[in-house]
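Structure data (CSV, C-alpha atoms and all ligand atoms) from structure_4.csv:
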chain,number,residue,atom,x,y,z
S,92,MET,CA,0.0,0.0,0.0
S,93,THR,CA,1.4,3.4,-1.0
S,94,ALA,CA,2.1,6.0,1.7
S,95,LEU,CA,-0.3,8.3,0.0
S,96,LEU,CA,-3.2,5.8,0.1
S,97,LEU,CA,-2.4,5.1,3.8
S,98,GLN,CA,-2.4,8.8,4.5
S,99,SER,CA,-5.7,9.2,2.7
S,100,MET,CA,-7.3,6.5,4.8
S,101,THR,CA,-6.1,7.8,8.1
S,102,ARG,CA,-5.7,11.5,7.6
S,103,HIS,CA,-7.5,12.8,4.6
S,104,PHE,CA,-7.8,16.5,5.6
S,105,SER,CA,-5.3,18.9,7.0
S,106,LEU,CA,-5.3,22.6,7.7
S,107,GLU,CA,-2.4,24.6,6.3
S,108,ALA,CA,-3.4,28.0,7.7
S,109,LYS,CA,-6.2,29.8,9.6
S,110,GLN,CA,-7.0,33.4,9.8
S,111,GLY,CA,-9.9,34.1,12.2
S,112,HIS,CA,-12.4,31.4,11.2
S,113,ALA,CA,-11.2,31.3,7.5
S,114,ARG,CA,-9.2,28.2,6.7
S,115,ALA,CA,-6.8,27.0,4.0
S,116,GLY,CA,-6.7,23.2,3.9
S,117,ILE,CA,-6.0,20.2,1.7
S,118,LEU,CA,-8.5,17.3,1.2
S,119,ILE,CA,-6.8,14.1,-0.1
S,120,THR,CA,-8.9,11.8,-2.1
S,121,ARG,CA,-8.2,8.8,-4.2
S,122,HIS,CA,-8.2,10.9,-7.3
S,123,GLY,CA,-5.9,13.7,-6.1
S,124,THR,CA,-6.1,16.5,-3.8
S,125,LEU,CA,-8.4,19.5,-3.4
S,126,GLU,CA,-6.9,22.7,-2.1
S,127,THR,CA,-9.5,24.5,-0.1
S,128,PRO,CA,-11.3,26.9,-0.1
S,129,ALA,CA,-12.5,25.2,-3.3
S,130,PHE,CA,-15.3,25.7,-5.7
S,131,MET,CA,-17.0,22.8,-7.7
S,132,PRO,CA,-18.9,23.5,-10.9
S,133,VAL,CA,-21.9,21.2,-11.2
S,134,ALA,CA,-21.7,18.2,-13.6
S,135,THR,CA,-25.2,16.9,-12.6
S,136,LYS,CA,-25.5,14.5,-15.5
S,137,ALA,CA,-21.7,13.7,-15.6
S,138,THR,CA,-21.1,16.8,-17.7
S,139,ALA,CA,-21.0,20.6,-17.0
S,140,LYS,CA,-23.3,22.4,-19.4
S,141,TYR,CA,-21.5,23.6,-22.5
S,142,VAL,CA,-18.1,23.0,-20.9
S,143,GLU,CA,-15.9,19.9,-21.6
S,144,PRO,CA,-13.8,18.3,-18.8
S,145,ARG,CA,-10.5,19.6,-20.4
S,146,GLU,CA,-11.9,23.1,-20.3
S,147,LEU,CA,-12.9,22.7,-16.6
S,148,VAL,CA,-9.3,21.7,-15.9
S,149,GLU,CA,-7.9,24.6,-17.9
S,150,ALA,CA,-10.1,26.9,-15.9
S,151,GLY,CA,-8.5,25.6,-12.7
S,152,THR,CA,-11.2,23.2,-11.6
S,153,GLN,CA,-10.1,20.7,-9.1
S,154,ALA,CA,-13.4,18.9,-8.5
S,155,VAL,CA,-17.0,18.7,-9.8
S,156,ILE,CA,-20.2,17.3,-8.3
S,157,SER,CA,-22.6,15.0,-10.1
S,158,ASN,CA,-26.0,13.7,-9.1
S,159,ALA,CA,-26.0,10.0,-8.1
S,160,PHE,CA,-29.8,9.7,-8.1
S,161,LEU,CA,-30.2,11.1,-11.7
S,162,LEU,CA,-27.3,9.1,-13.0
S,163,SER,CA,-28.8,5.9,-11.5
S,164,LEU,CA,-31.8,6.5,-13.6
S,165,LYS,CA,-29.9,7.3,-16.8
S,166,PRO,CA,-27.5,5.8,-18.0
S,167,GLY,CA,-27.7,3.7,-14.8
S,168,HIS,CA,-25.0,3.2,-12.2
S,169,GLU,CA,-24.4,-0.4,-13.4
S,170,LEU,CA,-23.5,0.9,-16.8
S,171,ILE,CA,-21.1,3.6,-15.3
S,172,LYS,CA,-19.5,0.8,-13.1
S,173,LYS,CA,-19.1,-1.3,-16.3
S,174,ALA,CA,-17.4,1.7,-17.9
S,175,GLY,CA,-14.8,1.7,-15.1
S,176,GLY,CA,-16.5,4.3,-12.9
S,177,ILE,CA,-17.6,7.9,-13.3
S,178,HIS,CA,-14.0,9.3,-13.8
S,179,LYS,CA,-13.4,7.1,-16.8
S,180,PHE,CA,-17.0,7.4,-18.1
S,181,MET,CA,-16.8,11.3,-18.3
S,182,ASN,CA,-13.0,11.4,-18.7
S,183,PHE,CA,-12.4,13.7,-15.7
S,184,ASP,CA,-9.4,12.5,-13.7
S,185,ARG,CA,-9.7,14.9,-10.8
S,186,VAL,CA,-11.9,14.8,-7.7
S,187,ILE,CA,-15.6,13.9,-8.2
S,188,PHE,CA,-18.2,14.4,-5.5
S,189,THR,CA,-21.7,12.9,-5.9
S,190,ASP,CA,-24.9,14.2,-4.3
S,191,CYS,CA,-27.5,11.8,-3.1
S,192,GLY,CA,-30.6,13.3,-4.6
S,193,GLY,CA,-32.2,14.5,-1.4
S,194,PHE,CA,-32.2,18.0,-3.0
S,195,GLN,CA,-34.6,16.7,-5.7
S,196,MET,CA,-37.2,16.9,-2.9
S,197,LEU,CA,-37.5,20.6,-3.8
S,198,ARG,CA,-38.2,19.8,-7.5
S,199,GLU,CA,-41.8,19.6,-8.5
S,200,GLY,CA,-42.5,16.6,-10.8
S,201,ILE,CA,-39.7,14.5,-9.4
S,202,PHE,CA,-40.5,14.4,-5.6
S,203,VAL,CA,-43.5,12.2,-4.7
S,204,SER,CA,-43.4,11.5,-1.0
S,205,THR,CA,-41.2,10.5,2.0
S,206,LYS,CA,-41.5,7.3,3.9
S,207,PRO,CA,-39.7,6.4,7.1
S,208,GLN,CA,-37.3,4.3,5.1
S,209,GLY,CA,-36.6,6.7,2.3
S,210,ILE,CA,-37.8,9.0,-0.5
S,211,VAL,CA,-40.2,8.2,-3.3
S,212,PHE,CA,-39.2,9.9,-6.5
S,213,LYS,CA,-40.7,9.9,-10.0
S,214,SER,CA,-38.2,9.4,-12.8
S,215,PRO,CA,-38.1,12.6,-15.0
S,216,TYR,CA,-37.4,10.2,-17.9
S,217,THR,CA,-40.0,7.6,-17.6
S,218,GLY,CA,-42.5,8.8,-14.9
S,219,LYS,CA,-41.9,5.5,-13.0
S,220,GLU,CA,-41.9,5.9,-9.2
S,221,ALA,CA,-39.1,4.4,-7.1
S,222,LEU,CA,-38.2,4.4,-3.4
S,223,ILE,CA,-34.6,5.5,-2.7
S,224,THR,CA,-33.3,4.3,0.7
S,225,PRO,CA,-30.1,5.4,2.5
S,226,GLU,CA,-28.5,2.0,1.9
S,227,GLU,CA,-29.4,2.1,-1.9
S,228,ILE,CA,-28.0,5.6,-2.5
S,229,MET,CA,-24.7,4.5,-0.9
S,230,ALA,CA,-24.6,1.4,-3.1
S,231,ILE,CA,-25.3,3.6,-6.2
S,232,GLN,CA,-22.5,6.0,-5.2
S,233,ALA,CA,-20.1,3.0,-4.6
S,234,ASP,CA,-20.9,1.8,-8.1
S,235,LEU,CA,-20.3,5.3,-9.6
S,236,GLY,CA,-16.9,5.3,-7.9
S,237,SER,CA,-17.0,9.0,-6.8
S,238,ASP,CA,-14.4,10.2,-4.4
S,239,VAL,CA,-16.8,11.8,-2.0
S,240,ALA,CA,-20.3,10.4,-1.4
S,241,MET,CA,-23.2,12.1,0.4
S,242,VAL,CA,-25.6,10.4,2.7
S,243,LEU,CA,-29.3,10.5,1.9
S,244,ASP,CA,-30.9,13.6,3.4
S,245,TYR,CA,-34.3,15.1,3.8
S,246,VAL,CA,-34.5,18.7,2.5
S,247,ALA,CA,-37.2,21.0,3.9
S,248,PRO,CA,-38.0,24.0,1.7
S,249,TYR,CA,-37.4,27.6,2.7
S,250,GLY,CA,-40.6,28.7,4.4
S,251,ALA,CA,-41.0,25.5,6.4
S,252,THR,CA,-42.0,25.9,10.1
S,253,ILE,CA,-39.5,25.2,12.9
S,254,GLU,CA,-41.5,22.0,13.6
S,255,GLN,CA,-41.2,20.8,10.0
S,256,VAL,CA,-37.5,21.7,9.9
S,257,LYS,CA,-36.8,19.8,13.2
S,258,GLU,CA,-38.6,16.8,11.8
S,259,ALA,CA,-36.7,17.0,8.6
S,260,ALA,CA,-33.3,17.3,10.4
S,261,THR,CA,-34.2,14.4,12.7
S,262,ILE,CA,-35.0,12.2,9.7
S,263,SER,CA,-31.8,13.4,7.9
S,264,ASN,CA,-29.7,12.4,10.9
S,265,ARG,CA,-31.3,9.0,11.1
S,266,TRP,CA,-30.7,8.4,7.4
S,267,ALA,CA,-27.2,9.7,7.8
S,268,GLU,CA,-26.5,6.9,10.3
S,269,TRP,CA,-28.1,4.3,8.2
S,270,SER,CA,-26.1,5.5,5.2
S,271,LEU,CA,-22.8,5.4,7.1
S,272,HIS,CA,-23.4,2.0,8.6
S,273,SER,CA,-24.7,0.4,5.4
S,274,ASP,CA,-22.6,-2.5,3.9
S,275,ALA,CA,-22.0,-0.6,0.7
S,276,ALA,CA,-20.6,2.4,2.6
S,277,LYS,CA,-18.4,0.3,4.8
S,278,LYS,CA,-16.9,-1.4,1.7
S,279,SER,CA,-16.5,1.7,-0.4
S,280,ARG,CA,-14.9,3.5,2.5
S,281,GLU,CA,-12.4,0.8,2.8
S,282,GLU,CA,-11.7,1.4,-0.9
S,283,GLY,CA,-11.0,5.0,-0.2
S,284,GLN,CA,-14.4,6.7,-0.9
S,285,LEU,CA,-15.1,9.5,1.6
S,286,ILE,CA,-18.5,9.8,3.2
S,287,PHE,CA,-19.9,13.2,4.1
S,288,ALA,CA,-22.9,13.8,6.4
S,289,ILE,CA,-25.4,16.7,5.6
S,290,VAL,CA,-26.4,19.1,8.3
S,291,HIS,CA,-30.0,20.4,8.2
S,292,GLY,CA,-32.0,22.8,10.3
S,293,GLY,CA,-33.3,25.4,7.8
S,294,ILE,CA,-32.9,29.0,8.9
S,295,TYR,CA,-33.2,28.1,12.6
S,296,PRO,CA,-29.8,28.4,14.3
S,297,GLU,CA,-30.8,26.4,17.3
S,298,VAL,CA,-31.9,23.5,15.1
S,299,ARG,CA,-28.7,23.7,13.0
S,300,LYS,CA,-26.6,23.7,16.1
S,301,SER,CA,-28.2,20.6,17.8
S,302,HIS,CA,-28.2,18.6,14.6
S,303,ALA,CA,-24.7,19.5,13.7
S,304,ALA,CA,-23.6,18.5,17.2
S,305,TYR,CA,-25.4,15.2,16.8
S,306,LEU,CA,-23.7,14.4,13.4
S,307,ALA,CA,-20.3,15.5,14.7
S,308,ARG,CA,-20.3,12.6,17.1
S,309,TRP,CA,-20.2,10.1,14.2
S,310,ASN,CA,-17.0,9.6,12.4
S,311,PHE,CA,-17.9,11.1,9.0
S,312,ASP,CA,-15.1,12.1,6.7
S,313,GLY,CA,-16.6,15.5,6.2
S,314,TYR,CA,-19.7,17.6,6.8
S,315,SER,CA,-21.9,19.2,4.2
S,316,ILE,CA,-24.3,21.9,5.1
S,317,GLY,CA,-27.5,21.5,3.1
S,318,GLY,CA,-30.8,23.3,2.7
S,319,LEU,CA,-29.3,26.8,2.6
S,320,SER,CA,-29.1,29.1,-0.4
S,321,ILE,CA,-32.6,28.0,-1.5
S,322,GLY,CA,-34.3,31.4,-1.5
S,323,GLU,CA,-33.7,32.7,2.1
S,324,PRO,CA,-32.1,36.2,2.5
S,325,PRO,CA,-28.5,36.4,3.6
S,326,GLU,CA,-29.5,37.7,7.0
S,327,LYS,CA,-31.2,34.4,7.7
S,328,MET,CA,-28.7,32.2,5.9
S,329,PHE,CA,-25.5,33.3,7.7
S,330,PRO,CA,-26.6,32.9,11.3
S,331,ALA,CA,-27.9,29.4,10.5
S,332,LEU,CA,-24.5,28.6,8.8
S,333,GLU,CA,-22.5,30.0,11.7
S,334,ALA,CA,-24.6,27.9,14.2
S,335,ALA,CA,-23.9,24.7,12.2
S,336,LEU,CA,-20.2,25.5,11.8
S,337,SER,CA,-19.8,26.1,15.5
S,338,GLU,CA,-20.5,22.5,16.2
S,339,LEU,CA,-18.5,20.8,13.5
S,340,PRO,CA,-15.1,19.3,14.1
S,341,GLU,CA,-12.2,21.5,13.2
S,342,ASP,CA,-10.2,18.7,11.6
S,343,LYS,CA,-12.9,17.7,9.1
S,344,PRO,CA,-13.8,19.5,5.8
S,345,ARG,CA,-17.0,21.7,5.7
S,346,TYR,CA,-18.9,21.9,2.4
S,347,LEU,CA,-21.7,24.5,1.9
S,348,MET,CA,-24.0,23.1,-0.8
S,349,GLY,CA,-25.4,25.3,-3.5
S,350,LEU,CA,-23.7,28.7,-2.9
S,351,GLY,CA,-22.0,30.3,-5.9
S,352,SER,CA,-22.1,34.1,-5.9
S,353,PRO,CA,-18.7,35.6,-5.3
S,354,LEU,CA,-19.4,37.8,-2.3
S,355,GLU,CA,-21.4,35.1,-0.5
S,356,ILE,CA,-18.6,32.6,-1.1
S,357,LEU,CA,-16.2,35.0,0.6
S,358,GLU,CA,-18.6,35.6,3.4
S,359,ALA,CA,-18.8,31.9,4.0
S,360,VAL,CA,-15.0,31.4,3.7
S,361,LYS,CA,-14.7,34.0,6.4
S,362,ARG,CA,-16.9,31.9,8.6
S,363,GLY,CA,-14.9,28.7,8.1
S,364,VAL,CA,-16.4,27.0,5.0
S,365,ASP,CA,-13.9,25.0,2.9
S,366,ILE,CA,-15.9,23.7,-0.2
S,367,PHE,CA,-18.6,25.1,-2.4
S,368,ASP,CA,-20.7,24.0,-5.4
S,369,SER,CA,-23.2,25.8,-7.5
S,370,ALA,CA,-24.8,26.0,-10.9
S,371,TYR,CA,-24.5,29.8,-10.5
S,372,PRO,CA,-21.5,30.4,-12.8
S,373,THR,CA,-22.8,28.4,-15.7
S,374,GLN,CA,-26.4,29.2,-15.3
S,375,THR,CA,-25.8,33.0,-15.1
S,376,ALA,CA,-23.4,32.7,-18.0
S,377,ARG,CA,-26.1,31.3,-20.2
S,378,HIS,CA,-28.2,34.2,-19.2
S,379,ASN,CA,-25.4,36.6,-20.3
S,380,SER,CA,-24.3,37.7,-16.8
S,381,LEU,CA,-20.5,37.6,-16.6
S,382,MET,CA,-18.5,38.2,-13.5
S,383,THR,CA,-15.6,40.7,-13.7
S,384,ARG,CA,-13.3,42.2,-11.2
S,385,LYS,CA,-15.5,45.4,-11.3
S,386,GLY,CA,-18.8,43.5,-11.0
S,387,ILE,CA,-21.3,41.7,-13.2
S,388,ILE,CA,-21.8,42.8,-16.8
S,389,LYS,CA,-24.7,41.9,-19.0
S,390,ILE,CA,-22.9,40.9,-22.2
S,391,SER,CA,-26.1,41.1,-24.3
S,392,SER,CA,-26.3,44.8,-23.7
S,393,PRO,CA,-26.0,47.0,-26.9
S,394,LYS,CA,-23.1,48.8,-25.2
S,395,TYR,CA,-20.8,45.8,-25.9
S,396,ALA,CA,-21.6,45.5,-29.6
S,397,GLU,CA,-18.5,47.3,-30.6
S,398,ASP,CA,-16.4,46.7,-27.5
S,399,PHE,CA,-13.2,44.9,-28.7
S,400,SER,CA,-11.7,44.5,-25.2
S,401,PRO,CA,-11.9,41.2,-23.3
S,402,VAL,CA,-14.7,40.4,-20.9
S,403,ASP,CA,-12.3,41.1,-18.0
S,404,GLU,CA,-8.8,42.3,-18.8
S,405,THR,CA,-7.5,40.8,-15.5
S,406,CYS,CA,-8.8,37.3,-16.4
S,407,ASP,CA,-6.5,34.6,-17.9
S,408,CYS,CA,-9.3,32.3,-19.2
S,409,TYR,CA,-9.5,31.0,-22.7
S,410,ALA,CA,-12.4,33.3,-23.6
S,411,CYS,CA,-10.7,36.5,-22.3
S,412,LYS,CA,-7.3,35.6,-23.8
S,413,ASN,CA,-8.8,35.0,-27.3
S,414,PHE,CA,-12.1,36.8,-27.8
S,415,SER,CA,-13.6,40.2,-27.4
S,416,ARG,CA,-16.8,41.4,-25.7
S,417,ALA,CA,-18.1,42.3,-29.2
S,418,TYR,CA,-17.7,38.7,-30.4
S,419,ILE,CA,-19.2,37.1,-27.3
S,420,HIS,CA,-22.0,39.7,-27.5
S,421,PHE,CA,-22.7,38.8,-31.1
S,422,LEU,CA,-22.7,35.0,-30.3
S,423,SER,CA,-25.2,35.6,-27.6
S,424,LYS,CA,-27.4,37.7,-29.9
S,425,VAL,CA,-27.5,34.8,-32.4
S,426,ASN,CA,-27.8,32.2,-29.6
S,427,GLU,CA,-24.8,30.2,-30.7
S,428,PRO,CA,-23.7,27.3,-28.4
S,429,ALA,CA,-20.1,28.6,-28.7
S,430,GLY,CA,-21.2,31.8,-26.9
S,431,LYS,CA,-22.6,29.7,-24.0
S,432,GLN,CA,-19.3,27.8,-23.9
S,433,LEU,CA,-17.1,30.9,-23.8
S,434,LYS,CA,-19.3,32.6,-21.2
S,435,SER,CA,-19.4,29.5,-19.0
S,436,ILE,CA,-15.6,29.0,-19.2
S,437,HIS,CA,-15.1,32.6,-18.1
S,438,ASN,CA,-17.5,32.5,-15.1
S,439,ILE,CA,-16.0,29.2,-13.9
S,440,ARG,CA,-12.5,30.6,-14.2
S,441,PHE,CA,-13.5,33.7,-12.3
S,442,LEU,CA,-14.7,31.7,-9.3
S,443,GLN,CA,-11.7,29.3,-9.4
S,444,LYS,CA,-9.4,32.3,-9.3
S,445,LEU,CA,-11.4,33.9,-6.5
S,446,VAL,CA,-11.2,30.9,-4.2
S,447,SER,CA,-7.5,30.3,-5.0
S,448,ASP,CA,-6.7,34.0,-4.3
S,449,ALA,CA,-8.7,33.7,-1.1
S,450,ARG,CA,-6.6,30.6,-0.2
S,451,ARG,CA,-3.4,32.4,-0.8
S,452,ALA,CA,-4.6,35.4,1.2
S,453,ILE,CA,-5.4,33.1,4.2
S,454,ILE,CA,-2.0,31.5,4.0
S,455,GLU,CA,-0.4,35.0,3.8
S,456,GLY,CA,-2.5,36.3,6.7
S,457,SER,CA,-4.2,39.0,4.5
S,458,PHE,CA,-7.7,37.5,4.0
S,459,ASP,CA,-9.5,40.4,5.6
S,460,GLU,CA,-7.7,43.0,3.3
S,461,PHE,CA,-8.3,40.8,0.3
S,462,PHE,CA,-12.0,40.5,1.1
S,463,GLU,CA,-12.4,44.3,1.7
S,464,SER,CA,-10.6,45.1,-1.5
S,465,PHE,CA,-12.7,42.6,-3.5
S,466,LYS,CA,-15.9,44.0,-2.0
S,467,ALA,CA,-14.9,47.5,-2.9
S,468,SER,CA,-14.4,46.8,-6.5
S,469,PHE,CA,-17.0,44.1,-7.2
S,470,LYS,CA,-20.4,45.8,-7.6
S,471,SER,CA,-22.9,42.9,-7.9
S,501,ZN,ZN,-12.2,35.3,-18.6

Do you think you could lay out the structure here as structure tokens?
Amino acid sequence: MTALLLQSMTRHFSLEAKQGHARAGILITRHGTLETPAFMPVATKATAKYVEPRELVEAGTQAVISNAFLLSLKPGHELIKKAGGIHKFMNFDRVIFTDCGGFQMLREGIFVSTKPQGIVFKSPYTGKEALITPEEIMAIQADLGSDVAMVLDYVAPYGATIEQVKEAATISNRWAEWSLHSDAAKKSREEGQLIFAIVHGGIYPEVRKSHAAYLARWNFDGYSIGGLSIGEPPEKMFPALEAALSELPEDKPRYLMGLGSPLEILEAVKRGVDIFDSAYPTQTARHNSLMTRKGIIKISSPKYAEDFSPVDETCDCYACKNFSRAYIHFLSKVNEPAGKQLKSIHNIRFLQKLVSDARRAIIEGSFDEFFESFKASFKS
């Protein structure tokens, strides 16, 4: 057994530096390391929209997240296992996280009902209903061969009452234990797959705190924070986040699910979050919103029709190095896929650079100054 593998099984996360609550760390997985703070573009169906794996890598992407539940329906986890696992299937040799599908509870047309033993979903492809249990979702993720697997969770929508949120968090915690102790998870963990729990509790700090404390007692490899960034205002999100973080172990990675806007990412880094994912950069790109050092620009605006400068002159992405605002504006106007590709590459690169700059600042002890200076120039 190599020293690296041994290290990954015994000590898969280490902190390199801390400034206040902000952390710079390294997560070691069986497909390489993730330097944190890190941002993961979403590759829900084993692909990012309009962006190829090699372009993700060129943009500085260390990890992506795919959806285990949706992939189990199509093309099927057995097929992906036959292909040699998700890394080979999609040809991405860096870190891959998989989400369990609990988040699909918020999607009308897919979520049917919950039962004590799991969630009933309707396939968006065939309309067929199926019960997904904690044990099954771990077996699916073991077949996919992702580096980090999520336990099955119960996601309450924003607007749920405190009683509903408490019940959802209690069910999530029970399913987290069942997931962790399933035969599939035990075996895949031995093979190097990391298992993350998901902390719930909605916007209620006291519920977040007690449920995070409960999960912290179990030996998970990391802790996700779910059910935030689903429509609640920042003044409700951040206290709930802080409450969860206060109970999570220092020596385990913390992953805030679904947060992607630059200022909110930095706010969360400041509070001690290590990992992020969001469809934000690619989704907003397709809607012509491009992040620049001076704020967001709407590339479809007529004012860019004859602007031959790059989207962001400080950006080193493929789109900014080779194409003008005028060209990308034109591609957007005629709705060409190449426009969506260039815009997505730029937005992904923007966030990758942001988190790596934040990391460097934490290591150098200048995170607060970095954050202040970013805030002053970035007008969202
Ligand atoms: Zn760029």

Exercise: segment 215-231 of chain S partners within 9 Å, all atoms listed in the file, chain neighbours under 4 positions left out, as a ChimeraX atom specification:
/S:159-165,167-169,191-192,200-201,203,205-206,208-211,235-236,240-244,266-276,279

Rank S:Ser315, S:Ser457, S:Asn438, S:Ser468 by their smallest atom-to-atom distance to ligand ZN 501 (chain S), using all atoms listed in the file, and report the top residue only.
S:Asn438

Counting all atoms listed in the file, what are the residues, protein, DNA or RNA alike, that approach ligand ZN 501 (chain S) to within 10 Å? I want them as a list of chain:residue names.
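My answer, listing the contacting residues, is S:Ala150, S:Leu381, S:Met382, S:Thr383, S:Pro401, S:Val402, S:Asp403, S:Glu404, S:Thr405, S:Cys406, S:Asp407, S:Cys408, S:Tyr409, S:Ala410, S:Cys411, S:Lys412, S:Asn413, S:Phe414, S:Leu433, S:Lys434, S:Ser435, S:Ile436, S:His437, S:Asn438, S:Ile439, S:Arg440, S:Phe441.
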
Grab the atom CA of Ser237 of chain S to atom CA of Leu350 of chain S distance for me, in Å with one decimal place.
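Separating atom CA of Ser237 of chain S from atom CA of Leu350 of chain S is a distance of 21.2 Å.
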
Pick from S:Ala331, S:Ala467, S:Leu347, S:Ile366, whichever lies nearest to Arg384 of chain S using all atoms listed in the file
S:Ala467

Grab the atom CA of Met131 of chain S to atom CA of Phe188 of chain S distance for me, in Å with one decimal place.
8.8 Å

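Taking atom CA of Ala307 of chain S and atom CA of Thr261 of chain S as the two end points, the separation is 14.1 Å.
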
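When only C-alpha atoms are used to compute distances to Val186 of chain S, the closest of the residues S:Leu332, S:Val360, S:Ala174, S:Val148 turns out to be S:Val148.
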
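Using only C-alpha atoms, the residues found no farther than 12 Å from Thr252 of chain S, other than those of its own chain fewer than 3 positions away, are Ala247, Pro248, Tyr249, Gln255, Val256, Lys257, Glu258, Ala259, Gly292, Gly293, Ile294, Tyr295 and Val298 of chain S.
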
Identify which of the residues S:Ser214, S:Gly322, S:Ser400, S:Ala452 lies closest to Phe202 of chain S, counting only C-alpha atoms when measuring atom-to-atom distances.
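Checking each of S:Ser214, S:Gly322, S:Ser400, S:Ala452 against Phe202 of chain S, counting only C-alpha atoms, the winner is S:Ser214.
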
Pick the closest to Ile171 of chain S from S:Leu422, S:Ala137, S:Ala335, S:Met348: which is it, counting all atoms listed in the file?
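Smallest distance to Ile171 of chain S is found for S:Ala137.
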
Give as a PyMOL selection string every residue, naming chains and numbers as the document does, that has an atom within 12 Å of (-14.4, 12.1, -5.7), counting only C-alpha atoms.
chain S and resi 118-125+131+153-157+176-178+183-190+232-233+235-241+279-280+283-287
